[in-house]
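Text of model_24.txt (compact mmCIF, N, CA and C atoms and all ligand atoms) as supplied:
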# COMPACT_ATOMS: atom_id res chain seq x y z
N MET A 1 0.85 -1.21 0.00
CA MET A 1 0.00 0.00 0.00
C MET A 1 0.88 1.26 0.00
N THR A 2 0.52 2.23 -0.78
CA THR A 2 1.31 3.46 -0.88
C THR A 2 0.41 4.65 -0.60
N ASP A 3 1.03 5.74 -0.15
CA ASP A 3 0.26 6.96 0.09
C ASP A 3 0.24 7.87 -1.13
N CYS A 4 1.02 7.51 -2.14
CA CYS A 4 1.15 8.38 -3.31
C CYS A 4 -0.07 8.21 -4.21
N ILE A 5 -0.71 9.33 -4.51
CA ILE A 5 -1.93 9.30 -5.31
C ILE A 5 -1.66 8.75 -6.72
N PHE A 6 -0.49 9.06 -7.28
CA PHE A 6 -0.20 8.57 -8.63
C PHE A 6 0.18 7.09 -8.60
N ASP A 7 0.85 6.64 -7.55
CA ASP A 7 1.07 5.19 -7.42
C ASP A 7 -0.27 4.47 -7.34
N LYS A 8 -1.22 5.06 -6.66
CA LYS A 8 -2.55 4.44 -6.55
C LYS A 8 -3.22 4.34 -7.91
N ILE A 9 -3.05 5.38 -8.73
CA ILE A 9 -3.60 5.33 -10.10
C ILE A 9 -2.87 4.25 -10.90
N ILE A 10 -1.54 4.23 -10.81
CA ILE A 10 -0.74 3.23 -11.54
C ILE A 10 -1.16 1.82 -11.13
N ASN A 11 -1.41 1.62 -9.84
CA ASN A 11 -1.78 0.29 -9.33
C ASN A 11 -3.26 -0.01 -9.45
N LYS A 12 -4.01 0.93 -10.06
CA LYS A 12 -5.46 0.77 -10.28
C LYS A 12 -6.23 0.66 -8.96
N GLU A 13 -5.69 1.28 -7.94
CA GLU A 13 -6.41 1.31 -6.65
C GLU A 13 -7.44 2.43 -6.64
N ILE A 14 -7.18 3.47 -7.45
CA ILE A 14 -8.19 4.51 -7.64
C ILE A 14 -8.32 4.77 -9.13
N PRO A 15 -9.49 5.25 -9.57
CA PRO A 15 -9.71 5.39 -11.01
C PRO A 15 -9.05 6.64 -11.59
N ALA A 16 -8.79 6.57 -12.86
CA ALA A 16 -8.34 7.73 -13.62
C ALA A 16 -8.73 7.48 -15.07
N HIS A 17 -8.82 8.57 -15.83
CA HIS A 17 -9.12 8.44 -17.25
C HIS A 17 -7.80 8.27 -18.00
N ILE A 18 -7.42 6.99 -18.11
CA ILE A 18 -6.12 6.66 -18.71
C ILE A 18 -6.23 6.74 -20.23
N VAL A 19 -5.25 7.43 -20.84
CA VAL A 19 -5.24 7.54 -22.31
C VAL A 19 -4.14 6.70 -22.93
N TYR A 20 -3.14 6.33 -22.15
CA TYR A 20 -2.05 5.50 -22.68
C TYR A 20 -1.34 4.84 -21.51
N GLU A 21 -0.88 3.62 -21.75
CA GLU A 21 -0.13 2.92 -20.71
C GLU A 21 0.79 1.89 -21.35
N ASP A 22 1.98 1.79 -20.84
CA ASP A 22 2.87 0.69 -21.22
C ASP A 22 3.70 0.32 -19.99
N ASP A 23 4.82 -0.34 -20.20
CA ASP A 23 5.59 -0.80 -19.04
C ASP A 23 6.32 0.34 -18.33
N VAL A 24 6.47 1.50 -18.98
CA VAL A 24 7.28 2.59 -18.42
C VAL A 24 6.43 3.74 -17.87
N VAL A 25 5.36 4.09 -18.60
CA VAL A 25 4.56 5.26 -18.20
C VAL A 25 3.08 4.92 -18.20
N VAL A 26 2.36 5.76 -17.48
CA VAL A 26 0.91 5.81 -17.65
C VAL A 26 0.58 7.29 -17.90
N ALA A 27 -0.35 7.51 -18.84
CA ALA A 27 -0.78 8.88 -19.13
C ALA A 27 -2.28 8.93 -18.89
N PHE A 28 -2.70 9.93 -18.13
CA PHE A 28 -4.13 10.04 -17.80
C PHE A 28 -4.52 11.51 -17.72
N LEU A 29 -5.82 11.77 -17.81
CA LEU A 29 -6.31 13.14 -17.76
C LEU A 29 -6.09 13.71 -16.37
N ASP A 30 -5.54 14.92 -16.33
CA ASP A 30 -5.46 15.65 -15.06
C ASP A 30 -6.86 15.95 -14.59
N ILE A 31 -7.10 15.69 -13.32
CA ILE A 31 -8.44 15.90 -12.77
C ILE A 31 -8.88 17.36 -12.86
N SER A 32 -7.90 18.27 -12.93
CA SER A 32 -8.25 19.70 -12.90
C SER A 32 -8.42 20.31 -14.29
N GLN A 33 -7.97 19.66 -15.37
CA GLN A 33 -8.19 20.12 -16.76
C GLN A 33 -8.03 21.62 -16.96
N VAL A 34 -6.79 22.07 -16.91
CA VAL A 34 -6.50 23.49 -17.20
C VAL A 34 -7.09 23.88 -18.55
N THR A 35 -6.92 23.02 -19.53
CA THR A 35 -7.69 23.12 -20.78
C THR A 35 -8.15 21.69 -21.10
N PRO A 36 -9.19 21.54 -21.94
CA PRO A 36 -9.68 20.20 -22.24
C PRO A 36 -8.59 19.33 -22.91
N GLY A 37 -8.38 18.16 -22.35
CA GLY A 37 -7.34 17.26 -22.86
C GLY A 37 -6.06 17.31 -22.04
N HIS A 38 -6.01 18.17 -21.05
CA HIS A 38 -4.83 18.29 -20.16
C HIS A 38 -4.49 16.90 -19.61
N THR A 39 -3.30 16.44 -19.97
CA THR A 39 -2.89 15.06 -19.70
C THR A 39 -1.60 15.05 -18.89
N LEU A 40 -1.49 14.10 -17.99
CA LEU A 40 -0.26 13.91 -17.22
C LEU A 40 0.43 12.64 -17.70
N VAL A 41 1.72 12.74 -17.97
CA VAL A 41 2.53 11.56 -18.30
C VAL A 41 3.37 11.25 -17.07
N VAL A 42 3.21 10.04 -16.55
CA VAL A 42 3.77 9.70 -15.25
C VAL A 42 4.61 8.43 -15.36
N PRO A 43 5.88 8.48 -14.95
CA PRO A 43 6.65 7.24 -14.93
C PRO A 43 6.08 6.27 -13.91
N LYS A 44 6.04 4.98 -14.25
CA LYS A 44 5.54 4.01 -13.27
C LYS A 44 6.49 3.89 -12.10
N LYS A 45 7.77 4.07 -12.37
CA LYS A 45 8.74 4.07 -11.27
C LYS A 45 8.52 5.34 -10.44
N HIS A 46 8.46 5.18 -9.13
CA HIS A 46 8.22 6.35 -8.29
C HIS A 46 9.50 7.16 -8.12
N VAL A 47 9.57 8.28 -8.84
CA VAL A 47 10.63 9.26 -8.60
C VAL A 47 9.93 10.57 -8.28
N ALA A 48 10.46 11.29 -7.32
CA ALA A 48 9.75 12.49 -6.84
C ALA A 48 9.71 13.58 -7.89
N ASN A 49 10.83 13.79 -8.56
CA ASN A 49 10.89 14.88 -9.53
C ASN A 49 12.10 14.68 -10.45
N ILE A 50 12.37 15.65 -11.30
CA ILE A 50 13.40 15.49 -12.34
C ILE A 50 14.78 15.18 -11.74
N PHE A 51 15.01 15.64 -10.52
CA PHE A 51 16.33 15.46 -9.91
C PHE A 51 16.61 14.00 -9.57
N GLU A 52 15.60 13.17 -9.60
CA GLU A 52 15.77 11.74 -9.24
C GLU A 52 15.84 10.81 -10.45
N TYR A 53 15.72 11.36 -11.66
CA TYR A 53 15.81 10.50 -12.85
C TYR A 53 17.25 10.09 -13.10
N ASP A 54 17.45 8.83 -13.54
CA ASP A 54 18.73 8.51 -14.16
C ASP A 54 18.52 8.58 -15.68
N GLU A 55 19.60 8.41 -16.42
CA GLU A 55 19.51 8.62 -17.87
C GLU A 55 18.56 7.63 -18.53
N ASP A 56 18.57 6.38 -18.07
CA ASP A 56 17.72 5.37 -18.70
C ASP A 56 16.23 5.71 -18.51
N LEU A 57 15.89 6.11 -17.29
CA LEU A 57 14.49 6.45 -17.04
C LEU A 57 14.10 7.68 -17.84
N ALA A 58 14.96 8.69 -17.86
CA ALA A 58 14.67 9.91 -18.61
C ALA A 58 14.48 9.58 -20.09
N SER A 59 15.37 8.77 -20.64
CA SER A 59 15.25 8.41 -22.07
C SER A 59 13.93 7.72 -22.32
N ALA A 60 13.59 6.79 -21.46
CA ALA A 60 12.38 6.01 -21.68
C ALA A 60 11.12 6.88 -21.53
N VAL A 61 11.09 7.72 -20.52
CA VAL A 61 9.89 8.53 -20.28
C VAL A 61 9.76 9.60 -21.36
N PHE A 62 10.84 10.34 -21.61
CA PHE A 62 10.72 11.46 -22.54
C PHE A 62 10.55 10.98 -23.98
N ALA A 63 11.03 9.77 -24.27
CA ALA A 63 10.82 9.21 -25.62
C ALA A 63 9.34 8.99 -25.91
N ARG A 64 8.55 8.84 -24.89
CA ARG A 64 7.13 8.56 -25.10
C ARG A 64 6.28 9.82 -25.27
N ILE A 65 6.85 10.96 -24.95
CA ILE A 65 6.06 12.20 -24.97
C ILE A 65 5.53 12.57 -26.36
N PRO A 66 6.35 12.52 -27.42
CA PRO A 66 5.82 12.97 -28.71
C PRO A 66 4.60 12.17 -29.17
N LYS A 67 4.64 10.86 -28.98
CA LYS A 67 3.50 10.03 -29.41
C LYS A 67 2.23 10.42 -28.65
N ILE A 68 2.36 10.61 -27.35
CA ILE A 68 1.19 10.97 -26.55
C ILE A 68 0.73 12.38 -26.93
N ALA A 69 1.69 13.29 -27.11
CA ALA A 69 1.36 14.67 -27.50
C ALA A 69 0.62 14.69 -28.84
N ARG A 70 1.07 13.88 -29.78
CA ARG A 70 0.40 13.84 -31.11
C ARG A 70 -1.02 13.32 -30.97
N ALA A 71 -1.22 12.32 -30.11
CA ALA A 71 -2.57 11.78 -29.92
C ALA A 71 -3.49 12.82 -29.29
N VAL A 72 -2.96 13.54 -28.29
CA VAL A 72 -3.77 14.60 -27.66
C VAL A 72 -4.13 15.64 -28.73
N GLN A 73 -3.14 16.07 -29.49
CA GLN A 73 -3.39 17.10 -30.51
C GLN A 73 -4.43 16.63 -31.53
N ALA A 74 -4.31 15.38 -31.96
CA ALA A 74 -5.20 14.86 -33.00
C ALA A 74 -6.61 14.61 -32.47
N SER A 75 -6.77 14.61 -31.14
CA SER A 75 -8.08 14.27 -30.56
C SER A 75 -9.11 15.38 -30.72
N ASN A 76 -8.64 16.58 -31.07
CA ASN A 76 -9.59 17.70 -31.16
C ASN A 76 -9.05 18.70 -32.18
N PRO A 77 -9.82 18.94 -33.25
CA PRO A 77 -9.32 19.84 -34.30
C PRO A 77 -9.11 21.28 -33.82
N ASP A 78 -9.68 21.62 -32.67
CA ASP A 78 -9.52 23.00 -32.17
C ASP A 78 -8.19 23.20 -31.44
N ILE A 79 -7.44 22.11 -31.20
CA ILE A 79 -6.16 22.25 -30.52
C ILE A 79 -5.14 22.81 -31.51
N LYS A 80 -4.60 23.98 -31.15
CA LYS A 80 -3.68 24.68 -32.06
C LYS A 80 -2.23 24.64 -31.57
N GLY A 81 -2.02 24.14 -30.36
CA GLY A 81 -0.66 24.07 -29.81
C GLY A 81 -0.69 23.29 -28.51
N LEU A 82 0.47 23.13 -27.89
CA LEU A 82 0.52 22.30 -26.67
C LEU A 82 1.70 22.77 -25.82
N ASN A 83 1.42 23.09 -24.58
CA ASN A 83 2.52 23.40 -23.65
C ASN A 83 2.89 22.14 -22.88
N ILE A 84 4.20 21.91 -22.76
CA ILE A 84 4.73 20.80 -21.97
C ILE A 84 5.41 21.40 -20.76
N LEU A 85 4.98 20.95 -19.59
CA LEU A 85 5.43 21.61 -18.36
C LEU A 85 5.65 20.56 -17.28
N SER A 86 6.72 20.74 -16.52
CA SER A 86 6.93 19.87 -15.36
C SER A 86 7.36 20.74 -14.19
N ASN A 87 6.62 20.65 -13.12
CA ASN A 87 6.94 21.42 -11.92
C ASN A 87 7.80 20.55 -11.01
N ASN A 88 8.91 21.09 -10.57
CA ASN A 88 9.86 20.31 -9.78
C ASN A 88 10.20 21.05 -8.50
N GLY A 89 9.62 20.58 -7.40
CA GLY A 89 9.82 21.25 -6.11
C GLY A 89 8.62 22.12 -5.78
N GLU A 90 8.39 22.23 -4.49
CA GLU A 90 7.22 22.97 -4.01
C GLU A 90 7.21 24.41 -4.50
N LEU A 91 8.39 25.03 -4.48
CA LEU A 91 8.47 26.43 -4.91
C LEU A 91 8.09 26.58 -6.37
N ALA A 92 8.33 25.52 -7.13
CA ALA A 92 8.01 25.53 -8.56
C ALA A 92 6.60 25.00 -8.83
N TYR A 93 5.76 25.04 -7.79
CA TYR A 93 4.34 24.66 -7.88
C TYR A 93 4.11 23.17 -8.03
N GLN A 94 5.10 22.34 -7.65
CA GLN A 94 4.82 20.90 -7.64
C GLN A 94 3.93 20.60 -6.44
N SER A 95 2.84 19.89 -6.67
CA SER A 95 1.95 19.56 -5.56
C SER A 95 1.82 18.06 -5.35
N VAL A 96 2.13 17.27 -6.38
CA VAL A 96 2.16 15.81 -6.23
C VAL A 96 3.61 15.38 -6.43
N PHE A 97 4.16 14.73 -5.42
CA PHE A 97 5.60 14.45 -5.42
C PHE A 97 5.92 13.06 -5.98
N HIS A 98 5.30 12.81 -7.10
CA HIS A 98 5.63 11.70 -7.99
C HIS A 98 5.73 12.37 -9.36
N SER A 99 6.92 12.33 -9.93
CA SER A 99 7.19 13.12 -11.14
C SER A 99 6.11 12.95 -12.20
N HIS A 100 5.81 14.03 -12.87
CA HIS A 100 4.83 13.99 -13.95
C HIS A 100 5.07 15.15 -14.90
N ILE A 101 4.67 14.92 -16.13
CA ILE A 101 4.82 15.95 -17.17
C ILE A 101 3.43 16.32 -17.64
N HIS A 102 3.13 17.62 -17.55
CA HIS A 102 1.83 18.12 -18.01
C HIS A 102 1.87 18.34 -19.52
N LEU A 103 0.87 17.83 -20.21
CA LEU A 103 0.65 18.18 -21.62
C LEU A 103 -0.63 19.01 -21.64
N ILE A 104 -0.49 20.27 -21.98
CA ILE A 104 -1.64 21.18 -21.88
C ILE A 104 -1.97 21.70 -23.28
N PRO A 105 -3.05 21.16 -23.87
CA PRO A 105 -3.44 21.62 -25.20
C PRO A 105 -3.83 23.10 -25.16
N ARG A 106 -3.53 23.80 -26.26
CA ARG A 106 -3.86 25.22 -26.34
C ARG A 106 -4.85 25.47 -27.47
N TYR A 107 -5.85 26.22 -27.14
CA TYR A 107 -6.95 26.50 -28.06
C TYR A 107 -6.92 27.95 -28.54
N THR A 108 -6.73 28.85 -27.59
CA THR A 108 -6.64 30.29 -27.90
C THR A 108 -5.66 30.89 -26.90
N LYS A 109 -5.27 32.12 -27.13
CA LYS A 109 -4.39 32.79 -26.17
C LYS A 109 -5.10 33.02 -24.84
N GLU A 110 -6.41 33.01 -24.87
CA GLU A 110 -7.19 33.31 -23.67
C GLU A 110 -7.75 32.06 -23.01
N ASP A 111 -7.23 30.88 -23.35
CA ASP A 111 -7.74 29.67 -22.68
C ASP A 111 -7.16 29.61 -21.26
N GLY A 112 -7.30 28.46 -20.61
CA GLY A 112 -7.02 28.40 -19.17
C GLY A 112 -5.56 28.45 -18.76
N PHE A 113 -4.63 28.44 -19.71
CA PHE A 113 -3.22 28.34 -19.35
C PHE A 113 -2.52 29.69 -19.43
N GLY A 114 -1.70 30.00 -18.43
CA GLY A 114 -0.90 31.22 -18.48
C GLY A 114 0.33 31.08 -17.60
N LEU A 115 1.38 31.77 -17.97
CA LEU A 115 2.61 31.77 -17.16
C LEU A 115 2.95 33.23 -16.89
N LYS A 116 3.26 33.54 -15.65
CA LYS A 116 3.80 34.87 -15.37
C LYS A 116 5.29 34.78 -15.63
N TRP A 117 5.79 35.52 -16.53
CA TRP A 117 7.16 35.37 -17.00
C TRP A 117 7.75 36.77 -17.06
N HIS A 118 8.71 37.06 -16.23
CA HIS A 118 9.23 38.44 -16.15
C HIS A 118 10.71 38.44 -16.52
N PRO A 119 11.06 38.57 -17.78
CA PRO A 119 12.46 38.54 -18.20
C PRO A 119 13.26 39.67 -17.54
N THR A 120 14.52 39.36 -17.18
CA THR A 120 15.35 40.36 -16.49
C THR A 120 16.53 40.84 -17.34
N ASN A 121 16.82 40.15 -18.43
CA ASN A 121 17.87 40.56 -19.37
C ASN A 121 19.19 40.98 -18.72
N PRO A 122 19.82 40.09 -17.93
CA PRO A 122 21.10 40.43 -17.31
C PRO A 122 22.20 40.59 -18.36
N ASN A 123 23.27 41.33 -17.97
CA ASN A 123 24.35 41.54 -18.94
C ASN A 123 25.22 40.28 -19.06
N SER A 124 26.14 40.34 -20.00
CA SER A 124 26.94 39.17 -20.36
C SER A 124 27.81 38.70 -19.20
N GLU A 125 28.31 39.64 -18.39
CA GLU A 125 29.16 39.26 -17.25
C GLU A 125 28.36 38.42 -16.25
N VAL A 126 27.17 38.85 -15.97
CA VAL A 126 26.30 38.10 -15.05
C VAL A 126 25.99 36.72 -15.63
N LEU A 127 25.66 36.69 -16.91
CA LEU A 127 25.36 35.41 -17.56
C LEU A 127 26.57 34.48 -17.51
N ALA A 128 27.76 35.03 -17.72
CA ALA A 128 28.98 34.22 -17.72
C ALA A 128 29.19 33.57 -16.36
N LYS A 129 28.96 34.31 -15.29
CA LYS A 129 29.13 33.75 -13.93
C LYS A 129 28.13 32.62 -13.67
N ILE A 130 26.91 32.85 -14.07
CA ILE A 130 25.88 31.81 -13.85
C ILE A 130 26.25 30.56 -14.65
N ALA A 131 26.62 30.77 -15.90
CA ALA A 131 26.96 29.63 -16.77
C ALA A 131 28.15 28.86 -16.20
N GLN A 132 29.13 29.60 -15.68
CA GLN A 132 30.33 28.95 -15.12
C GLN A 132 29.94 28.07 -13.93
N SER A 133 29.08 28.57 -13.06
CA SER A 133 28.73 27.76 -11.89
C SER A 133 27.92 26.52 -12.28
N ILE A 134 27.14 26.62 -13.34
CA ILE A 134 26.42 25.42 -13.81
C ILE A 134 27.41 24.44 -14.45
N ARG A 135 28.32 24.96 -15.29
CA ARG A 135 29.32 24.08 -15.93
C ARG A 135 30.11 23.30 -14.89
N GLU A 136 30.47 23.98 -13.80
CA GLU A 136 31.25 23.31 -12.75
C GLU A 136 30.46 22.12 -12.18
N GLN A 137 29.16 22.30 -12.05
CA GLN A 137 28.34 21.20 -11.52
C GLN A 137 28.17 20.07 -12.53
N MET A 138 28.21 20.41 -13.83
CA MET A 138 28.12 19.37 -14.87
C MET A 138 29.31 18.43 -14.75
N GLU A 139 30.44 18.98 -14.37
CA GLU A 139 31.67 18.18 -14.26
C GLU A 139 31.73 17.44 -12.92
N ALA A 140 30.96 17.86 -11.96
CA ALA A 140 31.08 17.32 -10.59
C ALA A 140 30.64 15.86 -10.54
P1 LIG A 201 1.70 19.64 -9.99
O1 LIG A 201 1.06 20.81 -9.27
O2 LIG A 201 2.37 18.72 -8.99
O3 LIG A 201 2.57 20.02 -11.12
O4 LIG A 201 0.50 18.86 -10.65
C1 LIG A 201 -0.25 17.89 -10.01
C2 LIG A 201 -1.50 17.70 -10.82
O5 LIG A 201 -2.10 16.49 -10.40
C3 LIG A 201 -2.52 18.81 -10.62
O6 LIG A 201 -2.73 19.48 -11.86
C4 LIG A 201 -3.75 18.08 -10.13
O7 LIG A 201 -4.95 18.54 -10.70
C5 LIG A 201 -3.49 16.64 -10.52
N1 LIG A 201 -4.09 15.66 -9.62
C6 LIG A 201 -4.01 15.66 -8.26
N2 LIG A 201 -4.68 14.61 -7.77
C7 LIG A 201 -5.17 13.93 -8.83
C8 LIG A 201 -5.96 12.74 -8.95
O8 LIG A 201 -6.34 12.10 -7.99
N3 LIG A 201 -6.28 12.34 -10.21
C9 LIG A 201 -5.87 13.03 -11.31
N4 LIG A 201 -6.24 12.55 -12.50
N5 LIG A 201 -5.14 14.16 -11.25
C10 LIG A 201 -4.79 14.60 -10.02
Just give me the structure of the file as structure tokens.
Ligand code: 5GP
Amino acid sequence: MTDCIFDKIINKEIPAHIVYEDDVVVAFLDISQVTPGHTLVVPKKHVANIFEYDEDLASAVFARIPKIARAVQASNPDIKGLNILSNNGELAYQSVFHSHIHLIPRYTKEDGFGLKWHPTNPNSEVLAKIAQSIREQMEA
């Protein structure tokens, strides 16, 4: 028995509107439907967020996204685009701590999806420092 709501869906202990399933992922409609067709792609392996993926799991999960995205898009002729979003960490609005990727179909600019995005346009020196500290971690 698990307390994770997505593990419960994966184990069929609670219902969900599943649109795709194989040995690696299950994809089902988000209960909150930001826009119609809003789908979650969830690895069957319980990892909390992107920081817990290894390369094999990432390859397997992300390889499945285009096929599911195409099916969502083809399901409704009014879908004109699709946002792919993954929230990682509470501060980043993650509320279920079993990794998942949101596929959010877009119908118009005024549909249910929006991001507050405030570009800061730092200068090259600032960018260089940030890039250097990330590069150092890539090598770590
Ligand atoms: P997060 O905020 O972690 O990025 O997204 C979690 C998503 O899971 C939310 O959009 C929420 O609506 C969805 N969700 C939470 N509980 C359930 C559930 O029991 N069933 C389904 N289908 N979706 C859920």
Select from chain A every residue with an atom at most 12 Å from any atom of ligand LIG 201 (chain A), then for each give the shortest pair of atoms and their distance in Å to one decimal, using only C-alpha atoms and all ligand atoms, rows by chain and rising number, as CSV.
residue,atom,partner,partner_atom,distance
A:Asp3,CA,A:LIG201,O8,11.6
A:Cys4,CA,A:LIG201,O8,9.6
A:Ile5,CA,A:LIG201,O8,5.9
A:Phe6,CA,A:LIG201,O8,7.1
A:Asp7,CA,A:LIG201,O8,10.1
A:Lys8,CA,A:LIG201,O8,8.7
A:Ile9,CA,A:LIG201,N3,7.5
A:Ile10,CA,A:LIG201,N3,10.7
A:Lys12,CA,A:LIG201,O8,11.6
A:Glu13,CA,A:LIG201,O8,10.9
A:Ile14,CA,A:LIG201,O8,7.8
A:Pro15,CA,A:LIG201,N3,7.8
A:Ala16,CA,A:LIG201,N4,5.4
A:His17,CA,A:LIG201,N4,6.9
A:Ile18,CA,A:LIG201,N4,8.6
A:Val19,CA,A:LIG201,N4,11.1
A:Val26,CA,A:LIG201,N4,11.1
A:Ala27,CA,A:LIG201,N4,9.3
A:Phe28,CA,A:LIG201,N4,6.2
A:Leu29,CA,A:LIG201,N4,5.3
A:Asp30,CA,A:LIG201,N4,4.1
A:Ile31,CA,A:LIG201,N4,4.0
A:Ser32,CA,A:LIG201,O7,4.1
A:Gln33,CA,A:LIG201,O7,7.1
A:Val34,CA,A:LIG201,O6,7.7
A:Thr35,CA,A:LIG201,O6,10.8
A:Gly37,CA,A:LIG201,N4,11.4
A:His38,CA,A:LIG201,O6,8.6
A:Thr39,CA,A:LIG201,N4,8.3
A:Leu40,CA,A:LIG201,O5,7.5
A:Val41,CA,A:LIG201,O5,10.4
A:Val42,CA,A:LIG201,O5,10.2
A:Ala48,CA,A:LIG201,O2,9.9
A:Asn49,CA,A:LIG201,O2,9.4
A:Ile50,CA,A:LIG201,O3,11.8
A:Ile84,CA,A:LIG201,O3,11.1
A:Leu85,CA,A:LIG201,O3,7.9
A:Ser86,CA,A:LIG201,O3,6.1
A:Asn87,CA,A:LIG201,O3,4.7
A:Asn88,CA,A:LIG201,O3,7.4
A:Gly89,CA,A:LIG201,O2,8.4
A:Glu90,CA,A:LIG201,O2,8.1
A:Leu91,CA,A:LIG201,O1,10.3
A:Ala92,CA,A:LIG201,O3,8.2
A:Tyr93,CA,A:LIG201,O1,5.2
A:Gln94,CA,A:LIG201,O2,3.5
A:Ser95,CA,A:LIG201,O2,3.6
A:Val96,CA,A:LIG201,O2,4.0
A:Phe97,CA,A:LIG201,O2,6.4
A:His98,CA,A:LIG201,O2,7.8
A:Ser99,CA,A:LIG201,O2,7.7
A:His100,CA,A:LIG201,O3,7.0
A:Ile101,CA,A:LIG201,O3,7.6
A:His102,CA,A:LIG201,O3,7.2
A:Leu103,CA,A:LIG201,O6,10.4
A:Ile104,CA,A:LIG201,O6,10.2
A:Phe113,CA,A:LIG201,O6,11.6
Inset, instruction - From a DSSP calculation on the backbone, collect every residue of chain A in alpha helix (DSSP H) and output the set as a PyMOL selection string. - result: chain A and resi 5-10+55-63+65-74+124-139
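Between CA of Pro43 in chain A and atom N of Asn76 in chain A there is a distance of 24.1 Å.
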Legend entry - For Asp23 in chain A, the nearest of the candidates A:Asn11, A:Glu110, A:Lys45, A:Ala128, counting all atoms listed in the file: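 Between A:Asn11, A:Glu110, A:Lys45, A:Ala128, the residue approaching Asp23 in chain A most closely is A:Lys45.
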Inset, instruction - Tell me, in Å to one decimal, how far CA of Gln73 in chain A is from CA of Lys44 in chain A. - result: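 Computing the Euclidean distance for CA of Gln73 in chain A and CA of Lys44 in chain A yields 23.4 Å.
With all atoms listed in the file as the atoms that count, the minimum distance from Tyr107 in chain A to the choices A:Gln132, A:Pro36, A:Phe51, A:Leu57 is reached by A:Pro36.
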If you run DSSP on the backbone here, which positions in chain A get strand (DSSP E)? Please write them as a short mmCIF file (atom, residue, chain, number, x, y, z; two decimals) with N, CA and C atoms, in the coordinates of the input.
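The result, written out as out.cif:
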data_model
loop_
_atom_site.label_atom_id
_atom_site.label_comp_id
_atom_site.auth_asym_id
_atom_site.auth_seq_id
_atom_site.Cartn_x
_atom_site.Cartn_y
_atom_site.Cartn_z
N ILE A 18 -7.42 6.99 -18.11
CA ILE A 18 -6.12 6.66 -18.71
C ILE A 18 -6.23 6.74 -20.23
N VAL A 19 -5.25 7.43 -20.84
CA VAL A 19 -5.24 7.54 -22.31
C VAL A 19 -4.14 6.70 -22.93
N TYR A 20 -3.14 6.33 -22.15
CA TYR A 20 -2.05 5.50 -22.68
C TYR A 20 -1.34 4.84 -21.51
N GLU A 21 -0.88 3.62 -21.75
CA GLU A 21 -0.13 2.92 -20.71
C GLU A 21 0.79 1.89 -21.35
N VAL A 25 5.36 4.09 -18.60
CA VAL A 25 4.56 5.26 -18.20
C VAL A 25 3.08 4.92 -18.20
N VAL A 26 2.36 5.76 -17.48
CA VAL A 26 0.91 5.81 -17.65
C VAL A 26 0.58 7.29 -17.90
N ALA A 27 -0.35 7.51 -18.84
CA ALA A 27 -0.78 8.88 -19.13
C ALA A 27 -2.28 8.93 -18.89
N PHE A 28 -2.70 9.93 -18.13
CA PHE A 28 -4.13 10.04 -17.80
C PHE A 28 -4.52 11.51 -17.72
N LEU A 29 -5.82 11.77 -17.81
CA LEU A 29 -6.31 13.14 -17.76
C LEU A 29 -6.09 13.71 -16.37
N THR A 39 -3.30 16.44 -19.97
CA THR A 39 -2.89 15.06 -19.70
C THR A 39 -1.60 15.05 -18.89
N LEU A 40 -1.49 14.10 -17.99
CA LEU A 40 -0.26 13.91 -17.22
C LEU A 40 0.43 12.64 -17.70
N VAL A 41 1.72 12.74 -17.97
CA VAL A 41 2.53 11.56 -18.30
C VAL A 41 3.37 11.25 -17.07
N VAL A 42 3.21 10.04 -16.55
CA VAL A 42 3.77 9.70 -15.25
C VAL A 42 4.61 8.43 -15.36
N PRO A 43 5.88 8.48 -14.95
CA PRO A 43 6.65 7.24 -14.93
C PRO A 43 6.08 6.27 -13.91
N GLY A 81 -2.02 24.14 -30.36
CA GLY A 81 -0.66 24.07 -29.81
C GLY A 81 -0.69 23.29 -28.51
N LEU A 82 0.47 23.13 -27.89
CA LEU A 82 0.52 22.30 -26.67
C LEU A 82 1.70 22.77 -25.82
N ASN A 83 1.42 23.09 -24.58
CA ASN A 83 2.52 23.40 -23.65
C ASN A 83 2.89 22.14 -22.88
N ILE A 84 4.20 21.91 -22.76
CA ILE A 84 4.73 20.80 -21.97
C ILE A 84 5.41 21.40 -20.76
N LEU A 85 4.98 20.95 -19.59
CA LEU A 85 5.43 21.61 -18.36
C LEU A 85 5.65 20.56 -17.28
N ILE A 101 4.67 14.92 -16.13
CA ILE A 101 4.82 15.95 -17.17
C ILE A 101 3.43 16.32 -17.64
N HIS A 102 3.13 17.62 -17.55
CA HIS A 102 1.83 18.12 -18.01
C HIS A 102 1.87 18.34 -19.52
N LEU A 103 0.87 17.83 -20.21
CA LEU A 103 0.65 18.18 -21.62
C LEU A 103 -0.63 19.01 -21.64
N ILE A 104 -0.49 20.27 -21.98
CA ILE A 104 -1.64 21.18 -21.88
C ILE A 104 -1.97 21.70 -23.28
N PRO A 105 -3.05 21.16 -23.87
CA PRO A 105 -3.44 21.62 -25.20
C PRO A 105 -3.83 23.10 -25.16
N ARG A 106 -3.53 23.80 -26.26
CA ARG A 106 -3.86 25.22 -26.34
C ARG A 106 -4.85 25.47 -27.47
#
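Counting only C-alpha atoms, Ala60 in chain A has the following residues at most 9 Å away, ignoring those fewer than 3 positions along the same chain: Val24, Val25, Pro43, Glu55, Asp56, Leu57, Ala63 and Arg64 of chain A.
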Inset, instruction - Report the distance between atom C of Pro105 in chain A and atom N of Gly81 in chain A in Å, rounded to one decimal place. - result: 5.6 Å
Enclose all atoms of range 110-125 of chain A listed in the file in an axis-aligned box, grow every side by 3 Å, and hand back centre and edge lengths in Å to one decimal, as JSON.
{"center_x": 10.7, "center_y": 34.9, "center_z": -20.1, "size_x": 42.9, "size_y": 19.2, "size_z": 15.5}
Inset, instruction - Determine the nearest neighbour of Val72 in chain A from the options A:Ser59, A:Leu115, A:Tyr20, A:Pro122, counting only C-alpha atoms. - result: A:Tyr20
